[in-house]
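Colleague: Here you go, this is target.cif (mmCIF, C-alpha atoms and all ligand atoms).
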```
data_query
loop_
_atom_site.label_atom_id
_atom_site.label_comp_id
_atom_site.auth_asym_id
_atom_site.auth_seq_id
_atom_site.Cartn_x
_atom_site.Cartn_y
_atom_site.Cartn_z
CA MET A 1 -275.30 147.52 -172.47
CA ARG A 2 -274.18 147.67 -176.09
CA ASN A 3 -276.70 146.32 -178.56
CA TYR A 4 -275.65 143.06 -180.10
CA LEU A 5 -277.71 143.50 -183.25
CA HIS A 6 -279.48 146.74 -184.07
CA ILE A 7 -281.84 146.79 -187.04
CA HIS A 8 -281.98 150.51 -187.61
CA ASN A 9 -284.64 152.26 -189.67
CA ILE A 10 -284.53 149.77 -192.54
CA HIS A 11 -286.37 150.69 -195.73
CA LYS A 12 -286.62 148.40 -198.73
CA ASP A 13 -288.51 148.91 -201.93
CA PHE A 14 -288.63 146.79 -205.05
CA SER A 15 -289.12 149.04 -208.09
CA GLY A 16 -291.59 151.27 -206.29
CA LEU A 17 -293.18 148.63 -204.06
CA GLN A 18 -292.37 149.68 -200.49
CA VAL A 19 -291.98 146.48 -198.53
CA LEU A 20 -290.11 147.72 -195.44
CA THR A 21 -290.74 151.26 -194.25
CA GLY A 22 -288.51 151.92 -191.26
CA VAL A 23 -288.00 148.61 -189.46
CA GLU A 24 -286.40 149.22 -186.07
CA PHE A 25 -285.62 146.73 -183.29
CA LYS A 26 -282.74 145.42 -181.22
CA VAL A 27 -281.56 141.93 -180.40
CA GLN A 28 -279.34 141.25 -177.39
CA GLU A 29 -276.64 138.59 -177.27
CA LYS A 30 -277.95 135.05 -176.53
CA GLU A 31 -281.51 136.25 -177.01
CA ARG A 32 -284.04 134.09 -178.88
CA HIS A 33 -285.92 136.57 -180.93
CA ALA A 34 -288.95 135.63 -183.03
CA VAL A 35 -290.17 137.78 -185.91
CA ILE A 36 -293.84 137.18 -186.61
CA GLY A 37 -296.36 138.82 -188.91
CA PRO A 38 -298.83 138.04 -191.69
CA ASN A 39 -297.88 136.57 -195.09
CA GLY A 40 -296.18 139.13 -197.27
CA ALA A 41 -295.35 141.39 -194.30
CA GLY A 42 -291.69 141.48 -195.37
CA LYS A 43 -290.14 139.00 -192.92
CA THR A 44 -288.04 137.12 -195.46
CA THR A 45 -287.06 140.41 -197.09
CA LEU A 46 -285.78 141.57 -193.70
CA PHE A 47 -283.75 138.33 -193.35
CA ASN A 48 -282.39 138.83 -196.86
CA ILE A 49 -281.13 142.22 -195.72
CA ILE A 50 -279.70 141.07 -192.37
CA SER A 51 -277.93 138.13 -194.06
CA GLY A 52 -276.49 140.24 -196.87
CA LYS A 53 -278.52 138.88 -199.78
CA PHE A 54 -280.13 142.29 -200.39
CA LYS A 55 -278.93 145.80 -199.68
CA PRO A 56 -281.42 147.98 -197.81
CA SER A 57 -282.75 151.01 -199.72
CA SER A 58 -281.79 152.94 -196.58
CA GLY A 59 -281.05 152.29 -192.92
CA ALA A 60 -278.35 150.20 -191.25
CA ILE A 61 -277.74 146.78 -189.72
CA LEU A 62 -275.35 147.20 -186.80
CA PHE A 63 -273.77 143.98 -185.54
CA LYS A 64 -271.72 144.51 -182.36
CA GLY A 65 -271.60 148.19 -183.18
CA LYS A 66 -270.35 147.70 -186.73
CA ASP A 67 -272.42 148.53 -189.81
CA ILE A 68 -272.69 145.30 -191.78
CA SER A 69 -275.44 146.38 -194.17
CA GLY A 70 -274.70 145.44 -197.77
CA LYS A 71 -271.87 143.03 -196.84
CA PRO A 72 -272.10 139.76 -198.79
CA PRO A 73 -273.13 136.50 -197.02
CA HIS A 74 -269.65 134.88 -197.09
CA ILE A 75 -268.18 137.89 -195.27
CA LEU A 76 -271.01 137.81 -192.74
CA ASN A 77 -270.28 134.11 -192.18
CA ARG A 78 -266.81 135.13 -191.07
CA TYR A 79 -268.34 137.58 -188.60
CA GLY A 80 -270.28 134.64 -187.15
CA LEU A 81 -273.68 135.12 -188.76
CA SER A 82 -275.48 132.33 -190.62
CA ARG A 83 -279.00 131.81 -191.93
CA SER A 84 -281.35 129.09 -193.11
CA PHE A 85 -283.79 129.48 -195.98
CA GLN A 86 -287.57 129.22 -196.14
CA ILE A 87 -287.12 126.84 -199.08
CA THR A 88 -284.31 124.37 -198.56
CA ASN A 89 -280.90 125.35 -199.77
CA ALA A 90 -279.20 121.91 -199.81
CA PHE A 91 -277.49 120.40 -202.83
CA GLN A 92 -280.07 117.71 -203.61
CA GLU A 93 -277.68 115.27 -205.31
CA LEU A 94 -275.08 115.42 -202.51
CA SER A 95 -275.25 113.26 -199.40
CA VAL A 96 -276.16 114.71 -196.02
CA PHE A 97 -272.50 114.33 -195.04
CA ASN A 98 -271.20 116.19 -198.07
CA ASN A 99 -273.73 119.00 -197.70
CA ILE A 100 -272.52 119.66 -194.15
CA LEU A 101 -268.90 119.10 -195.18
CA ALA A 102 -269.17 121.90 -197.75
CA GLY A 103 -270.12 124.34 -194.99
CA VAL A 104 -267.51 123.13 -192.50
CA ARG A 105 -264.81 123.34 -195.17
CA SER A 106 -265.77 126.90 -195.99
CA ARG A 107 -265.29 127.68 -192.30
CA TYR A 108 -261.77 126.24 -192.42
CA GLY A 109 -261.05 128.15 -195.61
CA LEU A 110 -259.95 124.97 -197.37
CA ARG A 111 -259.84 124.69 -201.12
CA TYR A 112 -258.49 121.78 -203.12
CA ASN A 113 -255.83 120.44 -200.76
CA PHE A 114 -258.44 118.80 -198.53
CA PHE A 115 -257.19 115.23 -198.93
CA LYS A 116 -253.55 116.19 -198.50
CA LYS A 117 -254.01 117.06 -194.82
CA PRO A 118 -255.02 113.85 -193.07
CA ASN A 119 -255.11 115.29 -189.54
CA GLN A 120 -257.19 118.26 -190.44
CA ASN A 121 -259.27 115.93 -192.57
CA ARG A 122 -260.09 113.77 -189.53
CA GLU A 123 -260.89 116.81 -187.40
CA ILE A 124 -263.25 118.10 -190.07
CA CYS A 125 -264.99 114.74 -190.47
CA GLU A 126 -265.56 114.65 -186.71
CA LYS A 127 -267.09 118.14 -186.83
CA VAL A 128 -269.35 117.10 -189.69
CA ASP A 129 -270.49 113.98 -187.82
CA ALA A 130 -271.13 116.00 -184.66
CA ILE A 131 -273.40 118.43 -186.53
CA ILE A 132 -275.23 115.57 -188.25
CA LYS A 133 -275.84 114.03 -184.84
CA GLU A 134 -277.05 117.33 -183.39
CA VAL A 135 -279.72 117.65 -186.06
CA GLY A 136 -280.67 113.98 -185.78
CA LEU A 137 -279.60 112.75 -189.24
CA THR A 138 -276.92 110.18 -188.36
CA ASP A 139 -278.98 107.27 -189.75
CA VAL A 140 -279.26 108.91 -193.17
CA LYS A 141 -275.89 110.66 -193.38
CA ASP A 142 -274.80 108.85 -196.57
CA GLN A 143 -278.09 109.32 -198.39
CA PRO A 144 -278.57 112.08 -200.96
CA ALA A 145 -280.51 115.09 -199.70
CA SER A 146 -283.15 114.40 -202.34
CA SER A 147 -284.09 111.10 -200.64
CA LEU A 148 -284.85 112.68 -197.24
CA SER A 149 -288.31 113.16 -195.81
CA TYR A 150 -289.60 116.72 -195.62
CA GLY A 151 -288.81 117.02 -191.90
CA GLN A 152 -285.30 115.64 -192.49
CA GLN A 153 -284.72 118.16 -195.30
CA ARG A 154 -285.54 120.97 -192.88
CA ALA A 155 -283.18 119.44 -190.29
CA LEU A 156 -280.44 119.33 -192.95
CA GLU A 157 -281.10 122.99 -193.69
CA ILE A 158 -280.44 123.76 -190.02
CA GLY A 159 -277.31 121.57 -190.11
CA ILE A 160 -276.00 123.58 -193.06
CA THR A 161 -276.69 126.76 -191.08
CA LEU A 162 -274.69 125.36 -188.14
CA SER A 163 -271.79 124.20 -190.29
CA THR A 164 -269.98 127.54 -190.17
CA GLU A 165 -270.18 127.58 -186.34
CA PRO A 166 -272.19 130.79 -186.21
CA GLU A 167 -272.86 132.77 -183.04
CA LEU A 168 -275.94 134.40 -184.59
CA ILE A 169 -278.39 132.10 -186.36
CA LEU A 170 -281.31 133.19 -188.53
CA LEU A 171 -283.97 130.55 -189.21
CA ASP A 172 -286.72 131.29 -191.73
CA GLU A 173 -289.82 129.19 -190.94
CA PRO A 174 -287.90 126.06 -189.96
CA THR A 175 -291.10 124.10 -189.20
CA ALA A 176 -293.18 125.21 -192.18
CA GLY A 177 -295.10 122.29 -193.68
CA MET A 178 -294.24 119.89 -190.86
CA THR A 179 -296.66 117.61 -189.06
CA ARG A 180 -297.34 118.34 -185.39
CA GLU A 181 -295.00 115.54 -184.36
CA GLU A 182 -292.20 116.72 -186.66
CA THR A 183 -292.72 120.24 -185.32
CA ASN A 184 -292.41 119.10 -181.71
CA GLN A 185 -289.18 117.29 -182.54
CA ALA A 186 -287.91 120.34 -184.41
CA ILE A 187 -288.61 122.60 -181.42
CA LYS A 188 -286.47 120.36 -179.20
CA MET A 189 -283.69 120.17 -181.77
CA ILE A 190 -283.65 123.94 -182.39
CA ASP A 191 -283.67 124.53 -178.64
CA GLN A 192 -280.58 122.33 -178.27
CA VAL A 193 -278.56 123.50 -181.26
CA THR A 194 -279.09 127.18 -180.50
CA ALA A 195 -278.15 126.91 -176.80
CA GLY A 196 -275.57 129.56 -176.00
CA ARG A 197 -276.11 131.30 -179.34
CA THR A 198 -278.27 134.16 -180.51
CA LEU A 199 -281.30 133.14 -182.54
CA ILE A 200 -283.63 135.12 -184.77
CA ILE A 201 -286.47 132.97 -186.04
CA ILE A 202 -289.28 133.77 -188.46
CA GLU A 203 -292.24 131.57 -187.62
CA HIS A 204 -295.99 131.37 -188.19
CA ASP A 205 -296.55 128.49 -185.77
CA MET A 206 -297.37 130.16 -182.43
CA GLU A 207 -296.52 127.02 -180.48
CA VAL A 208 -292.98 127.20 -181.87
CA VAL A 209 -292.79 130.92 -181.18
CA PHE A 210 -293.99 130.68 -177.59
CA SER A 211 -291.84 127.59 -176.88
CA LEU A 212 -288.60 129.13 -178.09
CA ALA A 213 -288.70 132.91 -178.06
CA SER A 214 -287.56 135.16 -175.24
CA MET A 215 -288.48 138.25 -177.29
CA ILE A 216 -290.93 138.75 -180.15
CA SER A 217 -291.13 141.46 -182.79
CA VAL A 218 -294.31 141.81 -184.81
CA LEU A 219 -293.80 142.99 -188.38
CA HIS A 220 -296.89 144.54 -189.86
CA TYR A 221 -297.23 146.64 -193.01
CA GLY A 222 -293.50 147.15 -193.30
CA THR A 223 -292.79 148.32 -189.76
CA ILE A 224 -292.46 146.81 -186.30
CA LEU A 225 -295.80 147.09 -184.56
CA VAL A 226 -294.29 146.07 -181.22
CA SER A 227 -291.18 144.32 -179.90
CA ASP A 228 -291.56 142.80 -176.45
CA THR A 229 -291.57 139.67 -174.27
CA PRO A 230 -293.87 136.74 -175.20
CA GLU A 231 -296.05 137.52 -172.17
CA LYS A 232 -296.60 141.13 -173.25
CA ILE A 233 -297.12 140.16 -176.89
CA ARG A 234 -299.74 137.57 -175.96
CA ASN A 235 -301.79 140.23 -174.21
CA ASP A 236 -301.23 143.11 -176.62
CA GLN A 237 -304.51 144.23 -178.14
CA ARG A 238 -302.84 145.66 -181.25
CA VAL A 239 -301.15 142.33 -181.92
CA LYS A 240 -304.39 140.44 -181.41
CA ASP A 241 -306.16 142.74 -183.84
CA ALA A 242 -303.41 142.71 -186.43
CA TYR A 243 -302.24 139.15 -186.32
CA LEU A 244 -303.09 136.71 -183.59
CA GLY A 245 -306.85 137.03 -184.04
CA GLU A 246 -309.32 135.68 -181.55
CA GLY A 247 -307.46 132.37 -180.94
N1 LIG B 301 -286.96 140.06 -204.91
C1 LIG B 301 -288.15 140.63 -204.88
N2 LIG B 301 -288.59 141.42 -205.88
C2 LIG B 301 -289.81 142.02 -205.84
N3 LIG B 301 -290.66 141.91 -204.82
C3 LIG B 301 -290.30 141.14 -203.78
C4 LIG B 301 -289.03 140.46 -203.75
N4 LIG B 301 -288.93 139.77 -202.56
C5 LIG B 301 -290.08 140.00 -201.92
N5 LIG B 301 -290.91 140.82 -202.62
C6 LIG B 301 -292.23 141.30 -202.21
O1 LIG B 301 -292.10 141.82 -200.90
C7 LIG B 301 -293.27 141.53 -200.13
C8 LIG B 301 -292.85 140.84 -198.85
O2 LIG B 301 -292.37 139.53 -199.15
P1 LIG B 301 -291.64 138.61 -198.09
O3 LIG B 301 -291.29 137.35 -198.79
O4 LIG B 301 -290.55 139.37 -197.45
O5 LIG B 301 -292.83 138.37 -197.04
P2 LIG B 301 -292.89 137.36 -195.79
O6 LIG B 301 -293.32 138.17 -194.62
O7 LIG B 301 -291.65 136.57 -195.69
O8 LIG B 301 -294.11 136.42 -196.23
P3 LIG B 301 -294.39 134.86 -195.90
O9 LIG B 301 -294.92 134.82 -194.50
O10 LIG B 301 -295.44 134.48 -196.89
O11 LIG B 301 -293.12 134.11 -196.08
C9 LIG B 301 -294.18 140.71 -201.03
O12 LIG B 301 -295.14 141.58 -201.59
C10 LIG B 301 -293.24 140.18 -202.07
O13 LIG B 301 -293.92 139.94 -203.29
MG MG B 302 -291.18 134.57 -195.83
#
```
Go ahead and render the structure in this file as structure tokens.
Modeller:
Amino acid sequence: MRNYLHIHNIHKDFSGLQVLTGVEFKVQEKERHAVIGPNGAGKTTLFNIISGKFKPSSGAILFKGKDISGKPPHILNRYGLSRSFQITNAFQELSVFNNILAGVRSRYGLRYNFFKKPNQNREICEKVDAIIKEVGLTDVKDQPASSLSYGQQRALEIGITLSTEPELILLDEPTAGMTREETNQAIKMIDQVTAGRTLIIIEHDMEVVFSLASMISVLHYGTILVSDTPEKIRNDQRVKDAYLGEG
């Protein structure tokens, strides 16, 4: 079986600070892969490299056999890869609808002739509405992003990630700062919107990780301590010592 995504020997340093020192793991198509590890372990840095925001100092990101390392995010979008951000990325003054519309339009490659193509216009509006429904924001679709509750902002962030119809989705701590109830809702929503897609999720909340993930990689001191099934990870003494603790 060909690897769908192969994170190969990734190193990253920031002016002498070595953050990633040979990160290596594989993700198969349609897998739900969680990346866990302590604060400052380098998880977001790894996402920044996979999603094209940063170039690795060395190593390669192979997506369906092709080296995509160093390619900018808009090119990666075209390959079918899309990410969310740990801190929300929405345009605060724009409505929910217009935030999603911006992403859907970029998928269609439209520029300024948007209103001159009524049929395509309708098709796009239907897509936007469908995504808004998927992430549960229909009731607030005309409100500016800035007026949304915290949980709704995170849902919008996921909607923006979905707007380019990606096959590989990267979510960086989608439930961070949520109440238990918001988190439970978010788990259900993420489960639904990522069905049939490949998911890589960074998450500290172990309930989220164990509800969603089919594989888990533990990032610790710049390398992958272990990459295995949730069952194996739960019982791995090294993981308990390094991260999960007694609980
Ligand atoms: N652009 C940057 N320039 C310099 N140092 C950076 C940069 N981005 C991240 N770092 C450093 O890299 C290390 C890893 O940070 P990163 O944000 O990747 O960790 P993380 O695992 O996502 O942590 P958290 O769980 O708190 O989100 C930290 O020491 C951080 O200060
Ligand atoms: Mg982070």
Colleague: Return as a PyMOL selection string every polymer residue, whether protein, DNA or RNA, with at least one atom no more than 6 Å from an atom of ligand LIG 301 (chain B); count only C-alpha atoms and all ligand atoms.
Modeller: chain A and resi 14+19+38-45
Colleague: Please determine, counting all atoms listed in the file, which residue among A:Val208, A:Ala176, A:Val104, A:Leu137 has the shortest atom-to-atom distance to ligand MG 302 (chain B).
Modeller: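 For ligand MG 302 (chain B), the nearest of the candidates is A:Ala176.
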Colleague: Let me make sure I understand: among A:Asn3, A:Asn48, A:Asn121, A:Thr183, which one has the smallest atom-to-atom distance to Glu29 (chain A) if we use all atoms listed in the file?
Modeller: A:Asn3
Colleague: Please check which residues have atoms at most 12 Å from (-263.9, 125.6, -193.6) in the file's coordinates, counting all atoms listed in the file, and write them as a ChimeraX atom specification.
Modeller: /A:74,77-78,100-114,120-121,123-125,127-128,163-165
Colleague: Skipping near chain neighbours, those fewer than 3 positions away, what residues fall within 8 Å of Gly159 (chain A) using all atoms listed in the file, listed as number ranges by chain?
Modeller: A: 100, 131-132, 134-135, 155-156, 162-163
Colleague: Which polymer residues have any atom within 8 Å of an atom of Ile216 (chain A), counting only C-alpha atoms, with same-chain residues fewer than 5 positions away left out, as a list in words?
Modeller: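 The residues satisfying every condition are His33, Ala34, Val35, Ile36, Ser227, Asp228, Thr229, Pro230 and Ile233 of chain A.
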Colleague: For ligand MG 302 (chain B), which residue among A:Glu203, A:Asp13, A:Glu157, A:Asp129 is the nearest when counting only C-alpha atoms and all ligand atoms?
Modeller: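 Using only C-alpha atoms and all ligand atoms, the shortest distance to ligand MG 302 (chain B) belongs to A:Glu203.
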Colleague: Tell me which residues come within 10 Å of (-273.8, 145.5, -195.6), as a VMD selection string, counting only C-alpha atoms in the file's coordinates.
Modeller: chain A and resid 49 to 56 60 to 62 66 to 73 75 to 76
Colleague: Suppose we keep C-alpha atoms; can you now write the selection as a PDB file, in the frame of the given file?
Modeller:
```
ATOM      1  CA  ILE A  49    -281.130 142.220-195.720  1.00  0.00           C
ATOM      2  CA  ILE A  50    -279.700 141.070-192.370  1.00  0.00           C
ATOM      3  CA  SER A  51    -277.930 138.130-194.060  1.00  0.00           C
ATOM      4  CA  GLY A  52    -276.490 140.240-196.870  1.00  0.00           C
ATOM      5  CA  LYS A  53    -278.520 138.880-199.780  1.00  0.00           C
ATOM      6  CA  PHE A  54    -280.130 142.290-200.390  1.00  0.00           C
ATOM      7  CA  LYS A  55    -278.930 145.800-199.680  1.00  0.00           C
ATOM      8  CA  PRO A  56    -281.420 147.980-197.810  1.00  0.00           C
ATOM      9  CA  ALA A  60    -278.350 150.200-191.250  1.00  0.00           C
ATOM     10  CA  ILE A  61    -277.740 146.780-189.720  1.00  0.00           C
ATOM     11  CA  LEU A  62    -275.350 147.200-186.800  1.00  0.00           C
ATOM     12  CA  LYS A  66    -270.350 147.700-186.730  1.00  0.00           C
ATOM     13  CA  ASP A  67    -272.420 148.530-189.810  1.00  0.00           C
ATOM     14  CA  ILE A  68    -272.690 145.300-191.780  1.00  0.00           C
ATOM     15  CA  SER A  69    -275.440 146.380-194.170  1.00  0.00           C
ATOM     16  CA  GLY A  70    -274.700 145.440-197.770  1.00  0.00           C
ATOM     17  CA  LYS A  71    -271.870 143.030-196.840  1.00  0.00           C
ATOM     18  CA  PRO A  72    -272.100 139.760-198.790  1.00  0.00           C
ATOM     19  CA  PRO A  73    -273.130 136.500-197.020  1.00  0.00           C
ATOM     20  CA  ILE A  75    -268.180 137.890-195.270  1.00  0.00           C
ATOM     21  CA  LEU A  76    -271.010 137.810-192.740  1.00  0.00           C
TER      22      LEU A  76
END
```
Colleague: So which one's closest to Gly80 (chain A), A:Ile158, A:Ile169, A:Leu17, A:Val140? Using all atoms listed in the file, please.
Modeller: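 Nearest candidate to Gly80 (chain A) out of A:Ile158, A:Ile169, A:Leu17, A:Val140: A:Ile169.
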Colleague: Measuring between all atoms listed in the file, which one of A:Ile201, A:Ile187, A:Leu171, A:Ile10 shows the shortest distance to Ser57 (chain A)?
Modeller: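 Checking each of A:Ile201, A:Ile187, A:Leu171, A:Ile10 against Ser57 (chain A), counting all atoms listed in the file, the winner is A:Ile10.
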Colleague: Would you mind listing what lies within 12 Å of Asn89 (chain A) as a list in words, with only C-alpha atoms counted and same-chain residues fewer than 2 positions away left out?
Modeller: Arg83, Ser84, Phe85, Gln86, Ile87, Phe91, Gln92, Glu93, Leu94, Asn99, Ile100, Gly103, Ala145, Ser146, Gln153, Arg154, Ala155, Leu156, Glu157, Ile158, Gly159, Ile160, Thr161 and Asp172 of chain A
Colleague: Figure out the distance between CA of Gly37 (chain A) and CA of Glu173 (chain A), please, to one decimal in Å.
Modeller: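 The value is 11.8 Å.
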Colleague: Mind completing region 166-176 of chain A with all heavy atoms? Output as a short mmCIF file (atom, residue, chain, number, x, y, z; two decimals), in the coordinates of the input, please?
Modeller:
```cif
data_model
loop_
_atom_site.label_atom_id
_atom_site.label_comp_id
_atom_site.auth_asym_id
_atom_site.auth_seq_id
_atom_site.Cartn_x
_atom_site.Cartn_y
_atom_site.Cartn_z
N PRO A 166 -271.77 129.40 -186.41
CA PRO A 166 -272.19 130.79 -186.21
C PRO A 166 -272.52 131.10 -184.75
O PRO A 166 -272.91 130.20 -183.99
CB PRO A 166 -273.48 130.89 -187.04
CG PRO A 166 -274.04 129.50 -186.98
CD PRO A 166 -272.85 128.58 -186.99
N GLU A 167 -272.38 132.36 -184.36
CA GLU A 167 -272.86 132.77 -183.04
C GLU A 167 -274.26 133.37 -183.15
O GLU A 167 -275.00 133.40 -182.18
CB GLU A 167 -271.90 133.77 -182.39
CG GLU A 167 -271.60 135.00 -183.22
CD GLU A 167 -270.71 135.98 -182.47
OE1 GLU A 167 -271.27 136.79 -181.71
OE2 GLU A 167 -269.49 135.93 -182.65
N LEU A 168 -274.60 133.87 -184.35
CA LEU A 168 -275.94 134.40 -184.59
C LEU A 168 -276.58 133.59 -185.71
O LEU A 168 -276.03 133.48 -186.81
CB LEU A 168 -275.88 135.88 -185.00
CG LEU A 168 -277.17 136.51 -185.53
CD1 LEU A 168 -278.29 136.47 -184.50
CD2 LEU A 168 -276.93 137.95 -185.97
N ILE A 169 -277.73 132.98 -185.41
CA ILE A 169 -278.39 132.10 -186.36
C ILE A 169 -279.74 132.69 -186.74
O ILE A 169 -280.51 133.11 -185.88
CB ILE A 169 -278.62 130.71 -185.73
CG1 ILE A 169 -277.28 130.08 -185.38
CG2 ILE A 169 -279.40 129.80 -186.66
CD1 ILE A 169 -277.40 128.73 -184.70
N LEU A 170 -280.00 132.72 -188.05
CA LEU A 170 -281.31 133.19 -188.53
C LEU A 170 -282.03 132.00 -189.15
O LEU A 170 -281.51 131.38 -190.08
CB LEU A 170 -281.11 134.26 -189.61
CG LEU A 170 -280.21 135.46 -189.31
CD1 LEU A 170 -280.02 136.31 -190.57
CD2 LEU A 170 -280.83 136.33 -188.23
N LEU A 171 -283.21 131.67 -188.65
CA LEU A 171 -283.97 130.55 -189.21
C LEU A 171 -285.28 131.09 -189.78
O LEU A 171 -286.07 131.72 -189.07
CB LEU A 171 -284.28 129.50 -188.13
CG LEU A 171 -283.09 128.85 -187.41
CD1 LEU A 171 -283.59 127.83 -186.37
CD2 LEU A 171 -282.16 128.15 -188.40
N ASP A 172 -285.50 130.81 -191.06
CA ASP A 172 -286.72 131.29 -191.73
C ASP A 172 -287.74 130.15 -191.82
O ASP A 172 -287.59 129.25 -192.64
CB ASP A 172 -286.38 131.82 -193.13
CG ASP A 172 -287.54 132.61 -193.74
OD1 ASP A 172 -288.65 132.60 -193.17
OD2 ASP A 172 -287.33 133.25 -194.80
N GLU A 173 -288.74 130.19 -190.98
CA GLU A 173 -289.82 129.19 -190.94
C GLU A 173 -289.32 127.75 -190.96
O GLU A 173 -289.67 126.97 -191.84
CB GLU A 173 -290.80 129.42 -192.10
CG GLU A 173 -291.51 130.76 -192.00
CD GLU A 173 -292.76 130.80 -192.87
OE1 GLU A 173 -293.48 129.80 -192.93
OE2 GLU A 173 -293.00 131.86 -193.48
N PRO A 174 -288.48 127.40 -189.95
CA PRO A 174 -287.90 126.06 -189.96
C PRO A 174 -288.91 124.93 -189.84
O PRO A 174 -288.61 123.80 -190.19
CB PRO A 174 -286.95 126.08 -188.74
CG PRO A 174 -287.48 127.15 -187.87
CD PRO A 174 -288.04 128.19 -188.79
N THR A 175 -290.12 125.19 -189.36
CA THR A 175 -291.10 124.10 -189.20
C THR A 175 -292.23 124.17 -190.21
O THR A 175 -293.20 123.42 -190.12
CB THR A 175 -291.71 124.08 -187.77
OG1 THR A 175 -292.59 125.20 -187.63
CG2 THR A 175 -290.63 124.14 -186.70
N ALA A 176 -292.10 125.07 -191.20
CA ALA A 176 -293.18 125.21 -192.18
C ALA A 176 -293.46 123.88 -192.87
O ALA A 176 -292.54 123.18 -193.27
CB ALA A 176 -292.80 126.26 -193.22
#
```
